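Novice: Here you go, target14.pdb (PDB, C-alpha atoms and all ligand atoms):
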```pdb
ATOM      1  CA  MET A   2     -14.447  19.396   0.799  1.00  0.00           C
ATOM      2  CA  PHE A   3     -18.061  18.310   0.360  1.00  0.00           C
ATOM      3  CA  TYR A   4     -19.498  16.362  -2.505  1.00  0.00           C
ATOM      4  CA  LYS A   5     -22.859  14.863  -3.226  1.00  0.00           C
ATOM      5  CA  ASN A   6     -22.913  11.121  -3.650  1.00  0.00           C
ATOM      6  CA  ILE A   7     -25.788   8.735  -4.150  1.00  0.00           C
ATOM      7  CA  ARG A   8     -24.611   5.623  -5.967  1.00  0.00           C
ATOM      8  CA  HIS A   9     -23.529   2.116  -4.736  1.00  0.00           C
ATOM      9  CA  LYS A  10     -25.416  -0.960  -5.674  1.00  0.00           C
ATOM     10  CA  SER A  11     -24.002  -4.205  -4.341  1.00  0.00           C
ATOM     11  CA  GLY A  12     -22.354  -5.239  -1.037  1.00  0.00           C
ATOM     12  CA  CYS A  13     -19.495  -3.367   0.624  1.00  0.00           C
ATOM     13  CA  VAL A  14     -16.309  -3.668  -1.455  1.00  0.00           C
ATOM     14  CA  ILE A  15     -14.224  -3.553   1.711  1.00  0.00           C
ATOM     15  CA  CYS A  16     -15.879  -6.169   3.897  1.00  0.00           C
ATOM     16  CA  GLY A  17     -18.633  -7.600   1.671  1.00  0.00           C
ATOM     17  CA  LYS A  18     -21.301  -6.826   4.272  1.00  0.00           C
ATOM     18  CA  ARG A  19     -24.759  -5.510   3.479  1.00  0.00           C
ATOM     19  CA  LEU A  20     -25.216  -1.865   2.482  1.00  0.00           C
ATOM     20  CA  ILE A  21     -27.764   0.236   4.287  1.00  0.00           C
ATOM     21  CA  TYR A  22     -29.713   3.020   2.604  1.00  0.00           C
ATOM     22  CA  ASN A  23     -30.875   5.790   4.912  1.00  0.00           C
ATOM     23  CA  ASP A  24     -33.653   8.236   4.205  1.00  0.00           C
ATOM     24  CA  GLU A  25     -31.383  11.219   4.618  1.00  0.00           C
ATOM     25  CA  ASP A  26     -27.822  11.985   3.590  1.00  0.00           C
ATOM     26  CA  GLU A  27     -25.154  12.242   6.239  1.00  0.00           C
ATOM     27  CA  ALA A  28     -21.548  13.443   6.128  1.00  0.00           C
ATOM     28  CA  LEU A  29     -19.284  10.441   5.534  1.00  0.00           C
ATOM     29  CA  ASN A  30     -15.522  10.211   5.085  1.00  0.00           C
ATOM     30  CA  CYS A  31     -14.324   8.241   2.078  1.00  0.00           C
ATOM     31  CA  LEU A  32     -11.992   5.497   3.272  1.00  0.00           C
ATOM     32  CA  PHE A  33      -9.561   6.137   0.421  1.00  0.00           C
ATOM     33  CA  CYS A  34      -9.388   9.861  -0.474  1.00  0.00           C
ATOM     34  CA  HIS A  35     -10.410  10.961   3.050  1.00  0.00           C
ATOM     35  CA  ASN A  36     -12.690  13.656   1.642  1.00  0.00           C
ATOM     36  CA  THR A  37     -16.102  14.259   3.188  1.00  0.00           C
ATOM     37  CA  PHE A  38     -19.201  13.507   1.107  1.00  0.00           C
ATOM     38  CA  TYR A  39     -22.916  13.604   1.712  1.00  0.00           C
ATOM     39  CA  SER A  40     -24.394  10.168   1.080  1.00  0.00           C
ATOM     40  CA  ASN A  41     -27.244   7.988   2.261  1.00  0.00           C
ATOM     41  CA  VAL A  42     -25.334   4.729   1.652  1.00  0.00           C
ATOM     42  CA  LYS A  43     -22.797   2.957   3.846  1.00  0.00           C
ATOM     43  CA  CYS A  44     -22.230  -0.653   4.882  1.00  0.00           C
ATOM     44  CA  ILE A  45     -23.468  -2.003   8.208  1.00  0.00           C
ATOM     45  CA  LYS A  46     -19.907  -1.648   9.548  1.00  0.00           C
ATOM     46  CA  GLY A  47     -19.820   2.013   8.507  1.00  0.00           C
ATOM     47  CA  HIS A  48     -17.492   1.728   5.484  1.00  0.00           C
ATOM     48  CA  TYR A  49     -17.969   4.324   2.785  1.00  0.00           C
ATOM     49  CA  ILE A  50     -16.137   4.808  -0.542  1.00  0.00           C
ATOM     50  CA  CYS A  51     -16.885   7.713  -2.842  1.00  0.00           C
ATOM     51  CA  ASP A  52     -17.788   7.059  -6.479  1.00  0.00           C
ATOM     52  CA  ARG A  53     -14.525   8.432  -7.768  1.00  0.00           C
ATOM     53  CA  CYS A  54     -12.339   6.199  -5.581  1.00  0.00           C
ATOM     54  CA  HIS A  55     -14.584   3.289  -6.440  1.00  0.00           C
ATOM     55  CA  SER A  56     -13.581   3.528 -10.086  1.00  0.00           C
ATOM     56  CA  LEU A  57      -9.868   4.446  -9.846  1.00  0.00           C
ATOM     57  CA  SER A  58      -7.186   2.173 -11.330  1.00  0.00           C
ATOM     58  CA  ALA A  59      -4.811   0.473  -8.894  1.00  0.00           C
ATOM     59  CA  ASN A  60      -1.929   2.897  -9.407  1.00  0.00           C
ATOM     60  CA  GLU A  61      -4.183   5.984  -9.339  1.00  0.00           C
ATOM     61  CA  LEU A  62      -5.708   4.731  -6.102  1.00  0.00           C
ATOM     62  CA  ILE A  63      -2.323   4.056  -4.468  1.00  0.00           C
ATOM     63  CA  GLN A  64      -1.067   7.513  -5.444  1.00  0.00           C
ATOM     64  CA  GLU A  65      -4.140   9.423  -4.271  1.00  0.00           C
ATOM     65  CA  TYR A  66      -4.588   7.470  -1.089  1.00  0.00           C
ATOM     66  CA  CYS A  67      -0.960   7.755  -0.001  1.00  0.00           C
ATOM     67  CA  ILE A  68      -0.816  11.481  -0.806  1.00  0.00           C
ATOM     68  CA  SER A  69      -3.980  12.233   1.209  1.00  0.00           C
ATOM     69  CA  SER A  70      -3.403   9.892   4.170  1.00  0.00           C
ATOM     70  CA  GLN A  71      -2.035  11.197   7.482  1.00  0.00           C
ATOM     71  CA  SER A  72      -1.000   7.786   8.817  1.00  0.00           C
ATOM     72  CA  THR A  73       2.530   7.018   9.999  1.00  0.00           C
ATOM     73  CA  ASN A  74       1.940   3.253   9.916  1.00  0.00           C
ATOM     74  CA  PRO A  75       2.976   1.777   6.548  1.00  0.00           C
ATOM     75  CA  LEU A  76       1.567  -1.688   7.292  1.00  0.00           C
ATOM     76  CA  ASN A  77      -1.874  -0.301   8.099  1.00  0.00           C
ATOM     77  CA  LEU A  78      -1.721   1.813   4.950  1.00  0.00           C
ATOM     78  CA  SER A  79      -0.863  -1.255   2.873  1.00  0.00           C
ATOM     79  CA  MET A  80      -3.674  -3.315   4.389  1.00  0.00           C
ATOM     80  CA  GLU A  81      -6.258  -0.597   3.757  1.00  0.00           C
ATOM     81  CA  LEU A  82      -5.180  -0.279   0.120  1.00  0.00           C
ATOM     82  CA  MET A  83      -5.167  -4.039  -0.441  1.00  0.00           C
ATOM     83  CA  ARG A  84      -8.844  -4.225   0.540  1.00  0.00           C
ATOM     84  CA  HIS A  85      -9.824  -2.130  -2.476  1.00  0.00           C
ATOM     85  CA  PRO A  86     -11.014  -4.244  -5.442  1.00  0.00           C
ATOM     86  CA  ALA A  87      -8.628  -2.461  -7.844  1.00  0.00           C
ATOM     87  CA  ILE A  88      -5.666  -4.051  -6.006  1.00  0.00           C
ATOM     88  CA  LYS A  89      -5.586  -7.646  -7.215  1.00  0.00           C
ATOM     89  CA  MET A  90      -4.401 -10.612  -5.143  1.00  0.00           C
ATOM     90  CA  HIS A  91      -1.151 -10.606  -7.120  1.00  0.00           C
ATOM     91  CA  GLY A  92       0.090  -7.984  -9.541  1.00  0.00           C
ATOM     92  CA  PRO A  93       2.719  -5.333 -10.326  1.00  0.00           C
ATOM     93  CA  GLU A  94       0.702  -2.633  -8.491  1.00  0.00           C
ATOM     94  CA  HIS A  95       2.386  -3.985  -5.334  1.00  0.00           C
ATOM     95  CA  HIS A  96       5.717  -2.733  -6.715  1.00  0.00           C
ATOM     96  CA  PHE A  97       4.325   0.799  -6.359  1.00  0.00           C
ATOM     97  CA  LEU A  98       2.259   0.116  -3.238  1.00  0.00           C
ATOM     98  CA  VAL A  99       5.361  -0.706  -1.144  1.00  0.00           C
ATOM     99  CA  PRO A 100       7.365   2.507  -1.758  1.00  0.00           C
ATOM    100  CA  ALA A 101       4.167   4.609  -1.734  1.00  0.00           C
ATOM    101  CA  VAL A 102       3.043   3.536   1.756  1.00  0.00           C
ATOM    102  CA  LEU A 103       6.603   3.890   3.061  1.00  0.00           C
ATOM    103  CA  LEU A 104       6.958   7.396   1.619  1.00  0.00           C
ATOM    104  CA  ALA A 105       3.555   8.388   2.998  1.00  0.00           C
ATOM    105  CA  ALA A 106       4.393   7.140   6.494  1.00  0.00           C
ATOM    106  CA  TYR A 107       7.878   8.667   6.383  1.00  0.00           C
ATOM    107  CA  TYR A 108       6.819  12.132   5.227  1.00  0.00           C
ATOM    108  CA  ASN A 109       3.694  12.179   7.387  1.00  0.00           C
ATOM    109  CA  ARG A 110       6.096  11.857  10.269  1.00  0.00           C
ATOM    110  CA  THR A 111       8.305  14.716   9.130  1.00  0.00           C
ATOM    111  CA  GLY A 112       5.298  16.814   8.099  1.00  0.00           C
ATOM    112  CA  SER A 113       6.578  17.649   4.632  1.00  0.00           C
ATOM    113  CA  PHE A 114       3.471  17.354   2.435  1.00  0.00           C
ATOM    114  CA  GLN A 115       4.912  18.752  -0.804  1.00  0.00           C
ATOM    115  CA  GLU A 116       7.946  16.477  -0.627  1.00  0.00           C
ATOM    116  CA  LYS A 117       5.699  13.500   0.060  1.00  0.00           C
ATOM    117  CA  LYS A 118       3.524  14.259  -2.940  1.00  0.00           C
ATOM    118  CA  THR A 119       6.427  14.772  -5.349  1.00  0.00           C
ATOM    119  CA  LYS A 120       8.227  11.635  -4.223  1.00  0.00           C
ATOM    120  CA  ILE A 121       5.157   9.409  -4.331  1.00  0.00           C
ATOM    121  CA  ILE A 122       4.526  10.508  -7.929  1.00  0.00           C
ATOM    122  CA  THR A 123       8.176   9.800  -8.808  1.00  0.00           C
ATOM    123  CA  ALA A 124       7.982   6.384  -7.107  1.00  0.00           C
ATOM    124  CA  GLY A 125       5.011   5.544  -9.348  1.00  0.00           C
ATOM    125  CA  LYS A 126       7.021   6.301 -12.482  1.00  0.00           C
ATOM    126  CA  ARG A 127       9.953   4.218 -11.255  1.00  0.00           C
ATOM    127  CA  ALA A 128       7.775   1.305 -10.144  1.00  0.00           C
ATOM    128  CA  GLU A 129       6.106   1.095 -13.570  1.00  0.00           C
ATOM    129  CA  LYS A 130       9.407  -0.243 -14.908  1.00  0.00           C
ATOM    130  CA  ILE A 131       9.250  -3.294 -12.626  1.00  0.00           C
ATOM    131  CA  LEU A 132       6.946  -5.511 -14.637  1.00  0.00           C
ATOM    132  CA  GLY A 133       4.703  -8.255 -13.285  1.00  0.00           C
ATOM    133  CA  GLY A 134       6.357 -11.610 -12.584  1.00  0.00           C
ATOM    134  CA  PHE A 135       9.819 -10.032 -12.036  1.00  0.00           C
ATOM    135  CA  CYS A 136      10.319 -12.351  -9.046  1.00  0.00           C
ATOM    136  CA  GLY A 137      10.125 -15.360 -11.360  1.00  0.00           C
ATOM    137  CA  THR A 138      11.931 -13.989 -14.403  1.00  0.00           C
ATOM    138  CA  HIS A 139      14.643 -11.780 -12.869  1.00  0.00           C
ATOM    139  CA  GLY A 140      15.162 -13.289  -9.438  1.00  0.00           C
ATOM    140  CA  ALA A 141      14.235  -9.992  -7.801  1.00  0.00           C
ATOM    141  CA  CYS A 142      10.818  -9.507  -6.180  1.00  0.00           C
ATOM    142  CA  GLY A 143       9.303  -6.139  -7.075  1.00  0.00           C
ATOM    143  CA  ALA A 144       8.263  -5.493  -3.457  1.00  0.00           C
ATOM    144  CA  ALA A 145      11.948  -5.666  -2.449  1.00  0.00           C
ATOM    145  CA  ILE A 146      12.942  -3.344  -5.288  1.00  0.00           C
ATOM    146  CA  GLY A 147      10.169  -1.057  -4.015  1.00  0.00           C
ATOM    147  CA  THR A 148      12.093  -0.640  -0.754  1.00  0.00           C
ATOM    148  CA  GLY A 149      15.160   0.331  -2.821  1.00  0.00           C
ATOM    149  CA  ILE A 150      13.006   2.941  -4.599  1.00  0.00           C
ATOM    150  CA  PHE A 151      11.911   4.256  -1.188  1.00  0.00           C
ATOM    151  CA  VAL A 152      15.461   4.636   0.136  1.00  0.00           C
ATOM    152  CA  SER A 153      16.710   6.098  -3.162  1.00  0.00           C
ATOM    153  CA  LEU A 154      14.006   8.764  -2.902  1.00  0.00           C
ATOM    154  CA  ILE A 155      14.425   9.706   0.762  1.00  0.00           C
ATOM    155  CA  THR A 156      18.235   9.885   0.387  1.00  0.00           C
ATOM    156  CA  ASN A 157      18.149  11.545  -3.074  1.00  0.00           C
ATOM    157  CA  ASN A 158      20.344   8.727  -4.337  1.00  0.00           C
ATOM    158  CA  THR A 159      21.910   8.762  -7.803  1.00  0.00           C
ATOM    159  CA  PRO A 160      24.117   6.222  -9.617  1.00  0.00           C
ATOM    160  CA  LEU A 161      27.097   8.458  -8.732  1.00  0.00           C
ATOM    161  CA  ALA A 162      26.374   8.779  -5.002  1.00  0.00           C
ATOM    162  CA  GLY A 163      28.426   7.019  -2.312  1.00  0.00           C
ATOM    163  CA  LYS A 164      26.656   6.594   1.018  1.00  0.00           C
ATOM    164  CA  GLU A 165      23.159   6.935  -0.467  1.00  0.00           C
ATOM    165  CA  TRP A 166      23.975   4.394  -3.179  1.00  0.00           C
ATOM    166  CA  LYS A 167      25.105   1.941  -0.516  1.00  0.00           C
ATOM    167  CA  GLU A 168      21.990   2.532   1.635  1.00  0.00           C
ATOM    168  CA  SER A 169      19.595   2.038  -1.261  1.00  0.00           C
ATOM    169  CA  ASN A 170      21.182  -1.140  -2.557  1.00  0.00           C
ATOM    170  CA  MET A 171      21.568  -2.446   0.990  1.00  0.00           C
ATOM    171  CA  MET A 172      17.853  -1.947   1.616  1.00  0.00           C
ATOM    172  CA  THR A 173      16.839  -3.896  -1.489  1.00  0.00           C
ATOM    173  CA  SER A 174      19.270  -6.629  -0.522  1.00  0.00           C
ATOM    174  CA  LYS A 175      17.914  -6.921   3.038  1.00  0.00           C
ATOM    175  CA  SER A 176      14.273  -7.030   1.892  1.00  0.00           C
ATOM    176  CA  LEU A 177      15.040  -9.510  -0.852  1.00  0.00           C
ATOM    177  CA  SER A 178      16.917 -11.742   1.551  1.00  0.00           C
ATOM    178  CA  VAL A 179      13.967 -11.933   3.982  1.00  0.00           C
ATOM    179  CA  ILE A 180      11.531 -12.531   1.109  1.00  0.00           C
ATOM    180  CA  ALA A 181      13.722 -15.285  -0.383  1.00  0.00           C
ATOM    181  CA  GLU A 182      14.077 -17.019   3.003  1.00  0.00           C
ATOM    182  CA  HIS A 183      10.316 -17.591   3.106  1.00  0.00           C
ATOM    183  CA  GLY A 184      10.428 -19.398  -0.234  1.00  0.00           C
ATOM    184  CA  GLY A 185       7.913 -19.526  -3.078  1.00  0.00           C
ATOM    185  CA  PRO A 186       5.458 -19.600  -4.600  1.00  0.00           C
ATOM    186  CA  ARG A 187       4.958 -15.854  -5.063  1.00  0.00           C
ATOM    187  CA  CYS A 188       2.596 -14.001  -2.818  1.00  0.00           C
ATOM    188  CA  CYS A 189       2.397 -10.265  -3.400  1.00  0.00           C
ATOM    189  CA  LYS A 190       0.755  -9.760   0.010  1.00  0.00           C
ATOM    190  CA  ARG A 191       3.322 -11.722   2.049  1.00  0.00           C
ATOM    191  CA  ASN A 192       6.251 -10.154   0.216  1.00  0.00           C
ATOM    192  CA  SER A 193       4.869  -6.628   0.521  1.00  0.00           C
ATOM    193  CA  PHE A 194       4.429  -7.065   4.293  1.00  0.00           C
ATOM    194  CA  LEU A 195       7.924  -8.586   4.625  1.00  0.00           C
ATOM    195  CA  ALA A 196       9.471  -5.750   2.595  1.00  0.00           C
ATOM    196  CA  ILE A 197       7.748  -3.036   4.650  1.00  0.00           C
ATOM    197  CA  ILE A 198       8.766  -4.693   7.945  1.00  0.00           C
ATOM    198  CA  ALA A 199      12.364  -4.996   6.662  1.00  0.00           C
ATOM    199  CA  VAL A 200      12.443  -1.212   6.162  1.00  0.00           C
ATOM    200  CA  THR A 201      11.006  -0.415   9.593  1.00  0.00           C
ATOM    201  CA  LYS A 202      13.607  -2.711  11.183  1.00  0.00           C
ATOM    202  CA  HIS A 203      16.510  -1.421   9.090  1.00  0.00           C
ATOM    203  CA  PHE A 204      15.865   2.226   9.927  1.00  0.00           C
ATOM    204  CA  ASN A 205      14.499   1.836  13.419  1.00  0.00           C
ATOM    205  CA  ILE A 206      13.048   5.326  13.036  1.00  0.00           C
ATOM    206  CA  ASN A 207      11.360   6.594  16.158  1.00  0.00           C
ATOM    207  CA  GLY A 208       7.674   7.081  15.501  1.00  0.00           C
ATOM    208  CA  PHE A 209       7.748   5.181  12.192  1.00  0.00           C
ATOM    209  CA  ASN A 210       5.206   2.684  13.426  1.00  0.00           C
ATOM    210  CA  SER A 211       5.016  -0.903  12.324  1.00  0.00           C
ATOM    211  CA  ALA A 212       2.583  -3.558  13.422  1.00  0.00           C
ATOM    212  CA  GLU A 213       4.316  -6.901  13.132  1.00  0.00           C
ATOM    213  CA  SER A 214       1.264  -8.711  14.405  1.00  0.00           C
ATOM    214  CA  ILE A 215      -0.499  -7.975  11.098  1.00  0.00           C
ATOM    215  CA  LYS A 216      -2.914 -10.703  10.051  1.00  0.00           C
ATOM    216  CA  CYS A 217      -3.443 -11.339   6.345  1.00  0.00           C
ATOM    217  CA  GLU A 218      -7.060 -11.052   5.200  1.00  0.00           C
ATOM    218  CA  PHE A 219      -6.461 -12.399   1.706  1.00  0.00           C
ATOM    219  CA  THR A 220      -5.700 -16.109   2.105  1.00  0.00           C
ATOM    220  CA  ARG A 221      -9.051 -17.115   0.613  1.00  0.00           C
ATOM    221  CA  PHE A 222      -8.123 -15.364  -2.649  1.00  0.00           C
ATOM    222  CA  ASN A 223      -4.722 -17.072  -2.962  1.00  0.00           C
ATOM    223  CA  LYS A 224      -4.786 -20.682  -4.054  1.00  0.00           C
ATOM    224  CA  GLU A 225      -0.993 -20.921  -3.515  1.00  0.00           C
ATOM    225  CA  CYS A 226      -1.153 -19.572   0.070  1.00  0.00           C
ATOM    226  CA  LEU A 227       1.495 -21.151   2.288  1.00  0.00           C
ATOM    227  CA  LYS A 228      -1.110 -21.165   5.106  1.00  0.00           C
ATOM    228  CA  SER A 229       0.573 -21.990   8.420  1.00  0.00           C
ATOM    229  CA  ASP A 230       4.022 -21.569   6.837  1.00  0.00           C
ATOM    230  CA  CYS A 231       3.284 -17.896   6.213  1.00  0.00           C
ATOM    231  CA  PRO A 232       4.075 -15.537   9.126  1.00  0.00           C
ATOM    232  CA  PHE A 233       0.892 -13.529   8.425  1.00  0.00           C
ATOM    233  CA  PHE A 234      -1.577 -16.444   8.100  1.00  0.00           C
TER     234      PHE A 234
HETATM  235 ZN    ZN B   1     -17.930  -2.716   4.907  1.00  0.00          ZN
HETATM  236 ZN    ZN B   2     -12.858   8.858  -2.225  1.00  0.00          ZN
END
```
Would you mind giving the structure from this file in structure tokens?
Specialist:
Amino acid sequence: MFYKNIRHKSGCVICGKRLIYNDEDEALNCLFCHNTFYSNVKCIKGHYICDRCHSLSANELIQEYCISSQSTNPLNLSMELMRHPAIKMHGPEHHFLVPAVLLAAYYNRTGSFQEKKTKIITAGKRAEKILGGFCGTHGACGAAIGTGIFVSLITNNTPLAGKEWKESNMMTSKSLSVIAEHGGPRCCKRNSFLAIIAVTKHFNINGFNSAESIKCEFTRFNKECLKSDCPFF
């Protein structure tokens, strides 16, 4: 798909670097929706975001990005989403981000686009019920519950199921345990990474890539960052 695009005023929203304005438009791929646009604006590192993605809400962005991405690496997907300004340092959008990147990576591997799309949309509806601050008020981090949403969706779990019910609750329990071990205060980035890694370890799915050496880019935005006590610092 080709669209015309001319706007973008300040620095790059991804890396903060200077934008360059060329005399002529060139074909550029939007980092988030992966569509091709003609634009004369990109940052000096080559980042480009279309106008539409620039103005999406957090949950709209997560849904669109995960549906259109081809990646099988859920940690890379999460990092790319977290760079967008709509995803705040902390916030309940991470409760959707975790199952969405896992579903995208999982179904990109199996090649089932329609199933991926349907399940990501369903995950969004389920994640909306996990309100902000759940970790502090309910003793259950929303990123961990997000891994339970992921397993419930890929196994078609219901409250009446046997094996699937066990798998889903087991996944939430494993993620929550790892997250709890690292202690507070909350960090939606740390806990999202820990939850995603817990899933990749639990399933050990061939080709379901993880990158445990991930380095957090958000410490400067988090005044409660554990710094050297965080595995991603
Ligand atoms: Zn940039
Ligand atoms: Zn876009």
Novice: For Met83 (chain A), please output as a ChimeraX atom specification all residues within 10 Å (counting only C-alpha atoms; exclusion window: fewer than 6 positions along the same chain).
Specialist: /A:15,59,63,77,89-90,95,98,190,218-219
Novice: Residues of chain A within 10 Å of ligand ZN 2 (chain B): nearest atom pair and distance (Å, one decimal) for each, counting all atoms listed in the file, sorted by chain and number, as a tab-separated table?
Specialist:
```
residue	atom	partner	partner_atom	distance
A:Asn30	CA	B:ZN2	ZN	7.9
A:Cys31	CA	B:ZN2	ZN	4.6
A:Leu32	CA	B:ZN2	ZN	6.5
A:Phe33	CA	B:ZN2	ZN	5.0
A:Cys34	CA	B:ZN2	ZN	4.0
A:His35	CA	B:ZN2	ZN	6.2
A:Asn36	CA	B:ZN2	ZN	6.2
A:Thr37	CA	B:ZN2	ZN	8.3
A:Phe38	CA	B:ZN2	ZN	8.5
A:Tyr49	CA	B:ZN2	ZN	8.5
A:Ile50	CA	B:ZN2	ZN	5.5
A:Cys51	CA	B:ZN2	ZN	4.2
A:Asp52	CA	B:ZN2	ZN	6.8
A:Arg53	CA	B:ZN2	ZN	5.8
A:Cys54	CA	B:ZN2	ZN	4.3
A:His55	CA	B:ZN2	ZN	7.2
A:Ser56	CA	B:ZN2	ZN	9.5
A:Leu57	CA	B:ZN2	ZN	9.3
A:Leu62	CA	B:ZN2	ZN	9.1
A:Glu65	CA	B:ZN2	ZN	9.0
A:Tyr66	CA	B:ZN2	ZN	8.5
```
Novice: Using only C-alpha atoms and all ligand atoms, determine which residues fall within 12 Å of ligand ZN 1 (chain B), then list them as a list in words.
Specialist: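 The residues within 12 Å of ligand ZN 1 (chain B), counting only C-alpha atoms and all ligand atoms, are Ser11, Gly12, Cys13, Val14, Ile15, Cys16, Gly17, Lys18, Arg19, Leu20, Ile21, Cys31, Leu32, Val42, Lys43, Cys44, Ile45, Lys46, Gly47, His48, Tyr49, Ile50, Glu81, Arg84 and His85 of chain A.
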Novice: Would you mind telling me which residue in A:Glu94, A:Asp24, A:Asp230, A:Glu182 lies nearest to Gly147 (chain A) when using all atoms listed in the file?
Specialist: A:Glu94
Novice: Using all atoms listed in the file for the distances, tell me which of A:Leu132, A:Ala101, A:Met171, A:Leu177 is nearest to Ala145 (chain A).
Specialist: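 Of A:Leu132, A:Ala101, A:Met171, A:Leu177, the one nearest Ala145 (chain A) is A:Leu177, counting all atoms listed in the file.
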Novice: From the set A:His183, A:Lys224, A:His96, A:Lys216, which residue has the shortest atom-to-atom contact distance to Leu76 (chain A), counting all atoms listed in the file?
Specialist: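 Among the listed residues, A:Lys216 lies closest to Leu76 (chain A).
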Novice: Which residue out of A:Ile68, A:Met172, A:Ile180, A:Ala106 has the minimum interatomic distance to Val152 (chain A) when all atoms listed in the file are used?
Specialist: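 That would be A:Met172, the residue with the smallest distance to Val152 (chain A).
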Novice: Enumerate, as a ChimeraX atom specification, the residues matched when the PyMOL selection byres (((chain A and resi 72) around 9) and not hetatm) is run on the file above.
Specialist: /A:67,70-71,73-75,77-78,105-106,109-110
Novice: Which is closer to Lys228 (chain A) than all the others in A:Cys188, A:Thr173, A:Ser214, A:Ile197, using only C-alpha atoms?
Specialist: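 Distance minimum relative to Lys228 (chain A) lands on A:Cys188.
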Novice: List, as a PDB file with C-alpha atoms, in the coordinates of the input, every residue that the PyMOL selection byres (((chain A and resi 227) around 10) and not hetatm) selects in the file provided.
Specialist:
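The file below, selection_9.pdb, is the result:
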```
ATOM      1  CA  HIS A 183      10.316 -17.591   3.106  1.00  0.00           C
ATOM      2  CA  GLY A 184      10.428 -19.398  -0.234  1.00  0.00           C
ATOM      3  CA  GLY A 185       7.913 -19.526  -3.078  1.00  0.00           C
ATOM      4  CA  PRO A 186       5.458 -19.600  -4.600  1.00  0.00           C
ATOM      5  CA  ARG A 187       4.958 -15.854  -5.063  1.00  0.00           C
ATOM      6  CA  CYS A 188       2.596 -14.001  -2.818  1.00  0.00           C
ATOM      7  CA  ARG A 191       3.322 -11.722   2.049  1.00  0.00           C
ATOM      8  CA  THR A 220      -5.700 -16.109   2.105  1.00  0.00           C
ATOM      9  CA  ASN A 223      -4.722 -17.072  -2.962  1.00  0.00           C
ATOM     10  CA  LYS A 224      -4.786 -20.682  -4.054  1.00  0.00           C
ATOM     11  CA  GLU A 225      -0.993 -20.921  -3.515  1.00  0.00           C
ATOM     12  CA  CYS A 226      -1.153 -19.572   0.070  1.00  0.00           C
ATOM     13  CA  LYS A 228      -1.110 -21.165   5.106  1.00  0.00           C
ATOM     14  CA  SER A 229       0.573 -21.990   8.420  1.00  0.00           C
ATOM     15  CA  ASP A 230       4.022 -21.569   6.837  1.00  0.00           C
ATOM     16  CA  CYS A 231       3.284 -17.896   6.213  1.00  0.00           C
ATOM     17  CA  PRO A 232       4.075 -15.537   9.126  1.00  0.00           C
ATOM     18  CA  PHE A 233       0.892 -13.529   8.425  1.00  0.00           C
ATOM     19  CA  PHE A 234      -1.577 -16.444   8.100  1.00  0.00           C
TER      20      PHE A 234
END
```
Novice: Looking at all atoms listed in the file, which of A:Met80, A:Ile155, A:Ala199, A:Ala128 is the one that sits closest to Ser176 (chain A)?
Specialist: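 Of A:Met80, A:Ile155, A:Ala199, A:Ala128, the one nearest Ser176 (chain A), counting all atoms listed in the file, is A:Ala199.
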Novice: To verify the selection step, state as a ChimeraX atom specification which residues the PyMOL selection byres (((chain A and resi 27) around 7) and not hetatm) yields on this input.
Specialist: /A:25-26,28-29,39-41
Novice: Would you work out the distance separating CA of Phe194 (chain A) from CA of Tyr107 (chain A), expressed in Å to one decimal?
Specialist: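 These two atoms are separated by 16.2 Å.
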Novice: Work out how far CA of Phe222 (chain A) is from CA of Thr148 (chain A), in Å to one decimal.
Specialist: 25.1 Å
Novice: For a test of reading the model, state the distance in Å between CA of Phe135 (chain A) and CA of Ser79 (chain A), rounded to one decimal.
Specialist: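 Interatomic distance, CA of Phe135 (chain A) to CA of Ser79 (chain A): 20.3 Å.
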Novice: Excluding Pro160 (chain A) and residues on its chain fewer than 5 positions from it, collect all residues at most 12 Å away from it, counting all atoms listed in the file, and give them as a CSV table (one decimal) with C-alpha atoms, in the frame of the given file.
Specialist:
```csv
chain,number,residue,atom,x,y,z
A,153,SER,CA,16.7,6.1,-3.2
A,165,GLU,CA,23.2,6.9,-0.5
A,166,TRP,CA,24.0,4.4,-3.2
A,167,LYS,CA,25.1,1.9,-0.5
A,169,SER,CA,19.6,2.0,-1.3
A,170,ASN,CA,21.2,-1.1,-2.6
```
Novice: Show me, as JSON, the centre and edge lengths in Å to one decimal of the axis-aligned box that covers every listed atom of region 221-224 of chain A with 4 Å on each side.
Specialist:
```
{"center_x": -6.9, "center_y": -18.0, "center_z": -1.7, "size_x": 12.3, "size_y": 13.3, "size_z": 12.7}
```
Novice: Can you rebuild region 78-84 of chain A with N, CA and C atoms and give it as a compact mmCIF listing (two decimals), in the frame of the given file?
Specialist:
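Resulting contents of rebuild24.txt:
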```txt
# COMPACT_ATOMS: atom_id res chain seq x y z
N LEU A 78 -1.44 1.21 6.25
CA LEU A 78 -1.72 1.81 4.95
C LEU A 78 -1.81 0.74 3.87
N SER A 79 -0.87 -0.21 3.91
CA SER A 79 -0.86 -1.25 2.87
C SER A 79 -2.11 -2.12 2.98
N MET A 80 -2.50 -2.46 4.19
CA MET A 80 -3.67 -3.32 4.39
C MET A 80 -4.94 -2.62 3.89
N GLU A 81 -5.07 -1.34 4.19
CA GLU A 81 -6.26 -0.60 3.76
C GLU A 81 -6.33 -0.53 2.23
N LEU A 82 -5.19 -0.31 1.58
CA LEU A 82 -5.18 -0.28 0.12
C LEU A 82 -5.52 -1.64 -0.48
N MET A 83 -4.97 -2.69 0.11
CA MET A 83 -5.17 -4.04 -0.44
C MET A 83 -6.63 -4.48 -0.41
N ARG A 84 -7.43 -3.86 0.46
CA ARG A 84 -8.84 -4.22 0.54
C ARG A 84 -9.65 -3.69 -0.64
```
